[in-house]
Amino acid sequence: MKLFSGIYSAGLILLLLLSPTLSAQTLSVGAGDIHCFKLHPSPPASVPQGDPNIDAVYYAINMDIDYPARRITGSTSIGFKALVPGLQEIYINLTNTLACDSVIWQNTSLPFTHSSDKVSFTLPSPLSLNERTDVTIYYDGVPSSTGFGSFTFGSMYNHPSVWSLSEPYGSSDWWANKNSVDDKADSADIIIICDTSFTAVSNGLLISKTITGSKARWHWSTRYPIANYLISVAISNYSLYQNWFRYTANDSLPIVHYLVPEIINDLIPQLDKTVEMMKLFTGLFGEYPFIREKYGHAQFGRGGGMEHQTISSMARFDDGIIAHELAHQWYGDKVTNRTWQDIWLHEGFATYSEGLWYEYLNKEWLKEYMSLRAVPARAAEGTILVQDVQNVFSIFDFNRTYAKASWVVHMLRTITGDSAFFQIIREFHNAPGLAYGNASTSDLEQIATRIYGSSLAYFFDQWITKPGYPKYLVTYNTSRLMTGGSKTSITIDQTANTAGVVFRMPLDITLSTALGDTTLTIDNNTAIQSTDIITPAEPFLVQIDPEEKILKEVNITRRYPDELLRDGIQLYKPWPNPASDNISIGFELIQTKKITARIYSLTGELIAELANEELPAGVYTYPLTARTISSGIYIIQLSADDKQYRQKIAIIR
Ligand SMILES: [Zn+2]
């Protein structure tokens, strides 16, 4: 799901200039401002609990829509198996705002009670373990609308429209089911009866559309496992635009777009990108999970988008949201969190997949995209593992569940490398028990550890179950080596981290010198860690994680030598010394100064002038050849602000 409406924060729109042959393009990223909700989420009175004694295997949902009265008349046939022997007393979740008319079992009407959003009944005879039976529950009335608006009679472009968005707890607001995210039905039929002016869209394939008088009956059917919250209806005056994703020489997947007629034609170039994204994600993740059915979009009237299985509900159609909801078909729909505590497994992957699309368009854009996501990610409070699943705000907290979680996926890639990373995320939705089922963070951790070949427990622990991110306080000093080159002693301090958490990460330290860059990757794994880096010349720039591989904050302070700190200037020891050939004479300024650099004999005779100019702060190196100078001891003199700094050098010829 993508929560936000189409409002972008100007600060998050980044202009990226492409090569001169291409025009400037904009990488715009939805701001995810939770204040942009069109509907303010309201938590359910209590989180629904499905009957733990049954395993739901099949749903047939029938609903007759009375738009003018804002009412539905419906039934759900539920096929289920007993998870305990001798099961006789059963309940099904259904909101109290819908009146339950009857519970029918094998043509027999069973006595029932309907309270606390549950329909409870007793079977005439007990079920044995794993025995299947079916009941049909009939109801009518006004659906509830909890969470993000689980069932809405609304309008789009003045067309009467109806849509559902059950995630996370709202499915039983409008149809009867076992409302548990970890119990998927093996298949489902959704039958919608509505005025012929409507087009009714749902999951899977359209089996039939039949018209009787002023009513149309739309029969949709999916034969893939489906979680209750991913079953949806979207009903409006839609036009249909369809294209195809060809996945073998002879097989094509229909890609359908149900949008209101006012906007559909103008959006066709944008909608066509879905096919290219399908191609990209199939290559990266593996086969589209619902390849025998369809993928598509149904426009709806709330903000953002929702990854209903095989038919995402969409309020807008920018690249990011199309990629996001499509990626959810693998991460969220095919493999679904076992509990809502692990929602990051949906949203972190889908949000990162937007970046994968940008990376596909332009290699440099992933880094830009992650930099934009880093701003809300650093603002995330608490742990990615959701602490309060009663609160839908807490589950779908943008900073944590989307932005920071996308960074966790990115950092998993940082640590494992591309080859292992894509193997890990492919296996995550394909592993037996997880594919078309449910998973938790520990399932991902096990797969990642096995493929990476080394424990990643620390990684998931620090990023998922602990708050914050590393705040690297970096101090360093440099000194010239007698052997030439320079030694930088660097200390990385994480003691400013939230709650004292120490993050273990491979940390790139890059030193830039006149002779090129040197990068050392250290296994940064303690609160305070020091290392020395040798470079061929004095570094003029020290960077931590310059490739933005880690969610972090960096504060770099140089510890200056006393002389440099006092006068803003330091003359280095010449090298080599003694010298017979080329000599390197260097100094550093930490502020702009008018300087002279000269060589004198011991008797004060000027031998050479190396520099006489005003220079900005920086590290300066002047080569001098000893070949034209007689053997002897000489003085290198650097002058600035009426002060002199001297070093001796011996020339042996
Ligand atoms: Zn999402």
# chains A, B, ... in the order shown; residues from 1 in each chain; ligands from 1

$ residues_around --residues "region 356-360 of chain A" --least-positions-apart "6" --cutoff "12 Å" --atoms "only C-alpha atoms" --output "short mmCIF file (atom, residue, chain, number, x, y, z; two decimals) with all heavy atoms, in the first residue's frame"
data_model
loop_
_atom_site.label_atom_id
_atom_site.label_comp_id
_atom_site.auth_asym_id
_atom_site.auth_seq_id
_atom_site.Cartn_x
_atom_site.Cartn_y
_atom_site.Cartn_z
N LEU A 16 17.26 15.83 -12.38
CA LEU A 16 18.43 15.07 -12.78
C LEU A 16 18.72 15.39 -14.24
O LEU A 16 17.87 15.20 -15.10
CB LEU A 16 18.17 13.58 -12.62
CG LEU A 16 18.04 13.15 -11.17
CD1 LEU A 16 17.41 11.79 -11.08
CD2 LEU A 16 19.39 13.15 -10.49
N GLN A 25 15.13 15.37 -16.94
CA GLN A 25 14.00 14.60 -16.43
C GLN A 25 13.92 14.79 -14.93
O GLN A 25 14.88 15.14 -14.28
CB GLN A 25 14.19 13.11 -16.74
CG GLN A 25 14.09 12.85 -18.22
CD GLN A 25 13.65 11.44 -18.51
OE1 GLN A 25 13.59 10.61 -17.61
NE2 GLN A 25 13.35 11.17 -19.74
N THR A 26 12.76 14.54 -14.43
CA THR A 26 12.55 14.75 -13.01
C THR A 26 12.34 13.41 -12.33
O THR A 26 11.50 12.63 -12.75
CB THR A 26 11.31 15.62 -12.80
OG1 THR A 26 11.50 16.82 -13.50
CG2 THR A 26 11.11 15.93 -11.33
N LEU A 27 13.13 13.15 -11.32
CA LEU A 27 12.86 12.00 -10.46
C LEU A 27 12.04 12.53 -9.30
O LEU A 27 12.55 13.23 -8.43
CB LEU A 27 14.18 11.41 -9.96
CG LEU A 27 14.08 10.31 -8.89
CD1 LEU A 27 13.22 9.17 -9.37
CD2 LEU A 27 15.46 9.81 -8.53
N SER A 28 10.76 12.27 -9.34
CA SER A 28 9.92 12.79 -8.27
C SER A 28 9.49 11.64 -7.39
O SER A 28 9.12 10.58 -7.87
CB SER A 28 8.71 13.51 -8.85
OG SER A 28 7.98 12.63 -9.67
N VAL A 29 9.59 11.84 -6.13
CA VAL A 29 9.32 10.79 -5.17
C VAL A 29 8.19 11.25 -4.28
O VAL A 29 8.24 12.35 -3.75
CB VAL A 29 10.58 10.51 -4.33
CG1 VAL A 29 10.29 9.47 -3.28
CG2 VAL A 29 11.71 10.05 -5.23
N LYS A 273 4.02 1.70 -19.29
CA LYS A 273 5.26 1.40 -18.55
C LYS A 273 5.09 0.16 -17.67
O LYS A 273 6.08 -0.47 -17.28
CB LYS A 273 5.66 2.58 -17.68
CG LYS A 273 6.15 3.79 -18.45
CD LYS A 273 6.58 4.89 -17.50
CE LYS A 273 7.02 6.13 -18.26
NZ LYS A 273 7.30 7.25 -17.33
N THR A 274 3.85 -0.18 -17.33
CA THR A 274 3.61 -1.36 -16.49
C THR A 274 4.22 -2.60 -17.13
O THR A 274 4.78 -3.46 -16.44
CB THR A 274 2.09 -1.57 -16.29
OG1 THR A 274 1.48 -0.31 -15.99
CG2 THR A 274 1.82 -2.54 -15.18
N GLU A 276 6.83 -2.74 -19.14
CA GLU A 276 8.29 -2.69 -19.02
C GLU A 276 8.72 -3.00 -17.58
O GLU A 276 9.72 -3.67 -17.34
CB GLU A 276 8.78 -1.29 -19.43
CG GLU A 276 10.23 -1.29 -19.88
CD GLU A 276 10.68 0.10 -20.32
OE1 GLU A 276 9.81 0.97 -20.55
OE2 GLU A 276 11.90 0.30 -20.41
N MET A 277 7.93 -2.52 -16.62
CA MET A 277 8.24 -2.83 -15.22
C MET A 277 8.05 -4.31 -14.94
O MET A 277 8.82 -4.92 -14.20
CB MET A 277 7.34 -2.02 -14.29
CG MET A 277 7.65 -0.54 -14.29
SD MET A 277 6.56 0.32 -13.14
CE MET A 277 6.86 2.02 -13.63
N MET A 278 7.02 -4.89 -15.54
CA MET A 278 6.77 -6.32 -15.36
C MET A 278 7.97 -7.11 -15.89
O MET A 278 8.40 -8.09 -15.27
CB MET A 278 5.49 -6.70 -16.11
CG MET A 278 5.05 -8.13 -15.93
SD MET A 278 4.52 -8.54 -14.25
CE MET A 278 2.81 -8.03 -14.30
N LYS A 279 8.51 -6.65 -17.00
CA LYS A 279 9.68 -7.31 -17.59
C LYS A 279 10.88 -7.18 -16.64
O LYS A 279 11.60 -8.14 -16.37
CB LYS A 279 9.99 -6.63 -18.93
CG LYS A 279 10.74 -7.48 -19.91
CD LYS A 279 10.62 -6.83 -21.29
CE LYS A 279 11.97 -6.73 -21.96
NZ LYS A 279 11.93 -5.93 -23.18
N LEU A 280 11.08 -5.97 -16.12
CA LEU A 280 12.21 -5.73 -15.21
C LEU A 280 12.08 -6.60 -13.95
O LEU A 280 13.03 -7.30 -13.57
CB LEU A 280 12.26 -4.25 -14.81
CG LEU A 280 13.30 -3.92 -13.73
CD1 LEU A 280 14.72 -4.08 -14.27
CD2 LEU A 280 13.10 -2.51 -13.18
N PHE A 281 10.92 -6.56 -13.33
CA PHE A 281 10.76 -7.27 -12.05
C PHE A 281 10.76 -8.79 -12.26
O PHE A 281 11.22 -9.53 -11.38
CB PHE A 281 9.48 -6.81 -11.34
CG PHE A 281 9.57 -5.40 -10.80
CD1 PHE A 281 8.43 -4.71 -10.40
CD2 PHE A 281 10.79 -4.75 -10.68
CE1 PHE A 281 8.50 -3.41 -9.90
CE2 PHE A 281 10.88 -3.45 -10.19
CZ PHE A 281 9.73 -2.78 -9.81
N GLY A 283 12.60 -10.24 -14.38
CA GLY A 283 14.04 -10.53 -14.47
C GLY A 283 14.72 -10.52 -13.11
O GLY A 283 15.56 -11.36 -12.82
N LEU A 284 14.34 -9.58 -12.26
CA LEU A 284 15.01 -9.44 -10.97
C LEU A 284 14.46 -10.40 -9.92
O LEU A 284 15.21 -10.94 -9.11
CB LEU A 284 14.87 -8.00 -10.45
CG LEU A 284 15.54 -6.89 -11.26
CD1 LEU A 284 15.22 -5.53 -10.66
CD2 LEU A 284 17.05 -7.09 -11.33
N PHE A 285 13.14 -10.58 -9.90
CA PHE A 285 12.50 -11.33 -8.81
C PHE A 285 12.13 -12.76 -9.22
O PHE A 285 12.00 -13.64 -8.37
CB PHE A 285 11.19 -10.66 -8.35
CG PHE A 285 11.30 -9.20 -7.98
CD1 PHE A 285 10.19 -8.36 -8.09
CD2 PHE A 285 12.49 -8.66 -7.51
CE1 PHE A 285 10.27 -7.02 -7.74
CE2 PHE A 285 12.58 -7.32 -7.17
CZ PHE A 285 11.46 -6.49 -7.29
N ASP A 318 1.98 7.68 -11.36
CA ASP A 318 3.38 8.01 -11.61
C ASP A 318 4.21 6.74 -11.56
O ASP A 318 3.76 5.69 -11.08
CB ASP A 318 3.87 9.06 -10.61
CG ASP A 318 3.68 8.62 -9.18
OD1 ASP A 318 4.56 7.90 -8.66
OD2 ASP A 318 2.64 8.96 -8.58
N ASP A 319 5.45 6.83 -12.03
CA ASP A 319 6.31 5.64 -12.09
C ASP A 319 6.44 4.96 -10.74
O ASP A 319 6.35 3.74 -10.64
CB ASP A 319 7.73 6.04 -12.54
CG ASP A 319 7.83 6.30 -14.02
OD1 ASP A 319 6.81 6.70 -14.62
OD2 ASP A 319 8.93 6.13 -14.58
N GLY A 320 6.67 5.76 -9.70
CA GLY A 320 6.94 5.18 -8.38
C GLY A 320 5.80 4.32 -7.90
O GLY A 320 6.00 3.20 -7.43
N ILE A 321 4.58 4.81 -8.04
CA ILE A 321 3.46 4.06 -7.47
C ILE A 321 3.14 2.83 -8.33
O ILE A 321 2.77 1.78 -7.80
CB ILE A 321 2.23 4.97 -7.25
CG1 ILE A 321 1.28 4.32 -6.24
CG2 ILE A 321 1.53 5.32 -8.53
CD1 ILE A 321 0.29 5.27 -5.64
N ILE A 322 3.32 2.94 -9.64
CA ILE A 322 3.08 1.74 -10.47
C ILE A 322 4.08 0.65 -10.10
O ILE A 322 3.73 -0.51 -9.89
CB ILE A 322 3.17 2.09 -11.98
CG1 ILE A 322 2.04 3.05 -12.38
CG2 ILE A 322 3.09 0.82 -12.82
CD1 ILE A 322 2.11 3.52 -13.83
N ALA A 323 5.36 1.06 -9.96
CA ALA A 323 6.40 0.08 -9.59
C ALA A 323 6.13 -0.49 -8.20
O ALA A 323 6.27 -1.69 -7.96
CB ALA A 323 7.77 0.74 -9.64
N HIS A 324 5.75 0.38 -7.28
CA HIS A 324 5.54 -0.02 -5.89
C HIS A 324 4.46 -1.10 -5.78
O HIS A 324 4.67 -2.17 -5.20
CB HIS A 324 5.14 1.23 -5.09
CG HIS A 324 4.93 1.01 -3.62
ND1 HIS A 324 5.81 1.45 -2.67
CD2 HIS A 324 3.92 0.40 -2.94
CE1 HIS A 324 5.37 1.12 -1.47
NE2 HIS A 324 4.21 0.48 -1.61
N LEU A 326 3.16 -2.93 -8.13
CA LEU A 326 3.50 -4.14 -8.89
C LEU A 326 4.45 -5.03 -8.09
O LEU A 326 4.26 -6.24 -8.00
CB LEU A 326 4.13 -3.75 -10.24
CG LEU A 326 4.61 -4.91 -11.11
CD1 LEU A 326 3.46 -5.87 -11.44
CD2 LEU A 326 5.25 -4.40 -12.40
N ALA A 327 5.47 -4.42 -7.47
CA ALA A 327 6.43 -5.21 -6.69
C ALA A 327 5.75 -5.92 -5.52
O ALA A 327 6.15 -7.01 -5.11
CB ALA A 327 7.54 -4.30 -6.17
N PHE A 349 10.29 -3.72 0.78
CA PHE A 349 10.61 -4.27 -0.54
C PHE A 349 9.95 -3.46 -1.65
O PHE A 349 10.56 -3.19 -2.69
CB PHE A 349 10.19 -5.74 -0.62
CG PHE A 349 11.19 -6.69 -0.02
CD1 PHE A 349 11.31 -6.82 1.36
CD2 PHE A 349 12.04 -7.44 -0.82
CE1 PHE A 349 12.24 -7.67 1.92
CE2 PHE A 349 12.98 -8.30 -0.26
CZ PHE A 349 13.09 -8.42 1.11
N ALA A 350 8.67 -3.10 -1.46
CA ALA A 350 7.96 -2.37 -2.52
C ALA A 350 8.56 -0.98 -2.70
O ALA A 350 8.72 -0.49 -3.83
CB ALA A 350 6.47 -2.29 -2.21
N LEU A 366 19.41 5.39 -8.48
CA LEU A 366 19.13 4.67 -7.24
C LEU A 366 19.72 5.42 -6.05
O LEU A 366 19.08 5.58 -5.01
CB LEU A 366 19.67 3.24 -7.30
CG LEU A 366 19.48 2.44 -6.00
CD1 LEU A 366 18.00 2.23 -5.70
CD2 LEU A 366 20.19 1.09 -6.07
N LYS A 367 20.96 5.90 -6.24
CA LYS A 367 21.63 6.63 -5.16
C LYS A 367 20.85 7.90 -4.82
O LYS A 367 20.65 8.23 -3.65
CB LYS A 367 23.05 6.96 -5.61
CG LYS A 367 23.97 7.43 -4.52
CD LYS A 367 25.38 7.55 -5.06
CE LYS A 367 26.12 8.68 -4.39
NZ LYS A 367 27.42 8.95 -5.02
N GLU A 368 20.40 8.59 -5.86
CA GLU A 368 19.62 9.81 -5.63
C GLU A 368 18.32 9.48 -4.89
O GLU A 368 17.91 10.17 -3.96
CB GLU A 368 19.27 10.49 -6.96
CG GLU A 368 20.45 10.79 -7.87
CD GLU A 368 21.38 11.84 -7.29
OE1 GLU A 368 20.93 12.56 -6.39
OE2 GLU A 368 22.54 11.90 -7.73
N TYR A 369 17.69 8.40 -5.35
CA TYR A 369 16.42 7.98 -4.74
C TYR A 369 16.62 7.63 -3.26
O TYR A 369 15.85 8.06 -2.40
CB TYR A 369 15.89 6.77 -5.51
CG TYR A 369 14.67 6.13 -4.90
CD1 TYR A 369 13.41 6.70 -5.04
CD2 TYR A 369 14.77 4.94 -4.17
CE1 TYR A 369 12.29 6.12 -4.47
CE2 TYR A 369 13.66 4.35 -3.60
CZ TYR A 369 12.43 4.94 -3.76
OH TYR A 369 11.33 4.36 -3.19
N MET A 370 17.69 6.88 -2.97
CA MET A 370 17.91 6.49 -1.58
C MET A 370 18.26 7.71 -0.72
O MET A 370 17.90 7.76 0.46
CB MET A 370 19.02 5.42 -1.48
CG MET A 370 18.67 4.08 -2.11
SD MET A 370 17.02 3.43 -1.73
CE MET A 370 17.14 3.13 0.03
N SER A 406 12.98 0.51 3.43
CA SER A 406 13.59 0.42 2.09
C SER A 406 15.10 0.53 2.21
O SER A 406 15.85 -0.09 1.45
CB SER A 406 13.04 1.51 1.16
OG SER A 406 13.50 2.80 1.52
N VAL A 409 16.51 -2.89 3.12
CA VAL A 409 16.65 -3.75 1.93
C VAL A 409 17.90 -3.33 1.15
O VAL A 409 18.70 -4.17 0.72
CB VAL A 409 15.38 -3.67 1.05
CG1 VAL A 409 15.54 -4.53 -0.19
CG2 VAL A 409 14.14 -4.10 1.84
N HIS A 410 18.08 -2.02 1.00
CA HIS A 410 19.26 -1.50 0.29
C HIS A 410 20.55 -1.94 1.00
O HIS A 410 21.53 -2.33 0.35
CB HIS A 410 19.17 0.02 0.25
CG HIS A 410 20.24 0.69 -0.55
ND1 HIS A 410 20.48 0.39 -1.87
CD2 HIS A 410 21.15 1.65 -0.21
CE1 HIS A 410 21.49 1.13 -2.31
NE2 HIS A 410 21.91 1.90 -1.33
N ARG A 413 21.55 -5.45 0.45
CA ARG A 413 22.25 -5.53 -0.83
C ARG A 413 23.70 -5.08 -0.68
O ARG A 413 24.62 -5.67 -1.24
CB ARG A 413 21.51 -4.67 -1.86
CG ARG A 413 22.07 -4.74 -3.26
CD ARG A 413 21.21 -3.88 -4.19
NE ARG A 413 21.73 -3.86 -5.55
CZ ARG A 413 21.20 -3.15 -6.53
NH1 ARG A 413 20.13 -2.41 -6.30
NH2 ARG A 413 21.72 -3.17 -7.74
N PHE A 422 20.06 -10.66 -4.91
CA PHE A 422 18.91 -11.01 -5.76
C PHE A 422 18.54 -12.48 -5.60
O PHE A 422 17.36 -12.84 -5.71
CB PHE A 422 19.17 -10.61 -7.21
CG PHE A 422 19.05 -9.11 -7.41
CD1 PHE A 422 20.16 -8.32 -7.59
CD2 PHE A 422 17.80 -8.50 -7.35
CE1 PHE A 422 20.04 -6.93 -7.73
CE2 PHE A 422 17.67 -7.11 -7.49
CZ PHE A 422 18.79 -6.33 -7.69
#

$ residues_around --residues "Pro126 (chain A)" --least-positions-apart "2" --cutoff "6 Å" --atoms "only C-alpha atoms" --output "VMD selection string"
chain A and resid 86 to 88

$ closest_atom_pairs --of "chain A" --to "ligand 1" --cutoff "6 Å" --atoms "only C-alpha atoms and all ligand atoms" --output "tab-separated table"
residue	atom	partner	partner_atom_place_in_ligand_line	distance
A:Met1	CA	ligand 1	1 (Zn)	3.0
A:Lys2	CA	ligand 1	1 (Zn)	4.5
A:Glu347	CA	ligand 1	1 (Zn)	4.7
A:Ala350	CA	ligand 1	1 (Zn)	5.8

$ write_last_selection --atoms "N, CA and C atoms" --output "PDB file, in the first residue's frame"
ATOM      1  N   MET A   1       0.854  -1.180   0.000  1.00  0.00           N
ATOM      2  CA  MET A   1       0.000   0.000   0.000  1.00  0.00           C
ATOM      3  C   MET A   1       0.889   1.228   0.000  1.00  0.00           C
ATOM      4  N   LYS A   2       0.417   2.238  -0.634  1.00  0.00           N
ATOM      5  CA  LYS A   2       1.111   3.515  -0.598  1.00  0.00           C
ATOM      6  C   LYS A   2       0.111   4.519  -0.067  1.00  0.00           C
ATOM      7  N   GLU A 347       6.382  -3.388   2.703  1.00  0.00           N
ATOM      8  CA  GLU A 347       6.586  -1.996   2.288  1.00  0.00           C
ATOM      9  C   GLU A 347       8.055  -1.660   2.035  1.00  0.00           C
ATOM     10  N   ALA A 350       8.669  -3.103  -1.462  1.00  0.00           N
ATOM     11  CA  ALA A 350       7.964  -2.370  -2.525  1.00  0.00           C
ATOM     12  C   ALA A 350       8.560  -0.977  -2.701  1.00  0.00           C
TER      13      ALA A 350
END

$ closest_residue --among "A:Glu131, A:Asp443, A:Asp545, A:Asp567" --to "Ala457 (chain A)" --atoms "only C-alpha atoms"
A:Asp443

$ residues_around --residues "Gly484 (chain A)" --least-positions-apart "6" --cutoff "9 Å" --atoms "only C-alpha atoms" --output "list in words"
Pro536, Ala537, Pro574, Trp575, Pro576 and Ser584 of chain A

$ write_last_selection --atoms "C-alpha atoms" --output "short mmCIF file (atom, residue, chain, number, x, y, z; two decimals), in the first residue's frame"
data_model
loop_
_atom_site.label_atom_id
_atom_site.label_comp_id
_atom_site.auth_asym_id
_atom_site.auth_seq_id
_atom_site.Cartn_x
_atom_site.Cartn_y
_atom_site.Cartn_z
CA PRO A 536 50.57 8.17 -1.44
CA ALA A 537 50.10 11.87 -0.67
CA PRO A 574 60.55 17.10 2.66
CA TRP A 575 60.77 13.65 1.17
CA PRO A 576 62.98 11.83 0.45
CA SER A 584 58.61 16.53 -2.88
#

$ closest_residue --among "A:Gln494, A:Asn228, A:Thr557, A:Ser128" --to "Thr526 (chain A)" --atoms "only C-alpha atoms"
A:Gln494

$ residues_around --residues "region 486-489 of chain A" --least-positions-apart "6" --cutoff "9 Å" --atoms "only C-alpha atoms" --output "VMD selection string"
chain A and resid 475 to 480 511 530 to 539

$ atom_distance --atom1 "CA of Phe300 (chain A)" --atom2 "CA of Phe245 (chain A)"
23.6 Å

$ select_by_dssp --residues "region 92-233 of chain A" --states "strand (DSSP E or B)" --output "MDAnalysis selection string"
chainID A and resid 92:93 98:105 108:110 112:115 118:127 132:141 147 151:156 159:164 177 185 187:195 199:201 205:212 215:222 226
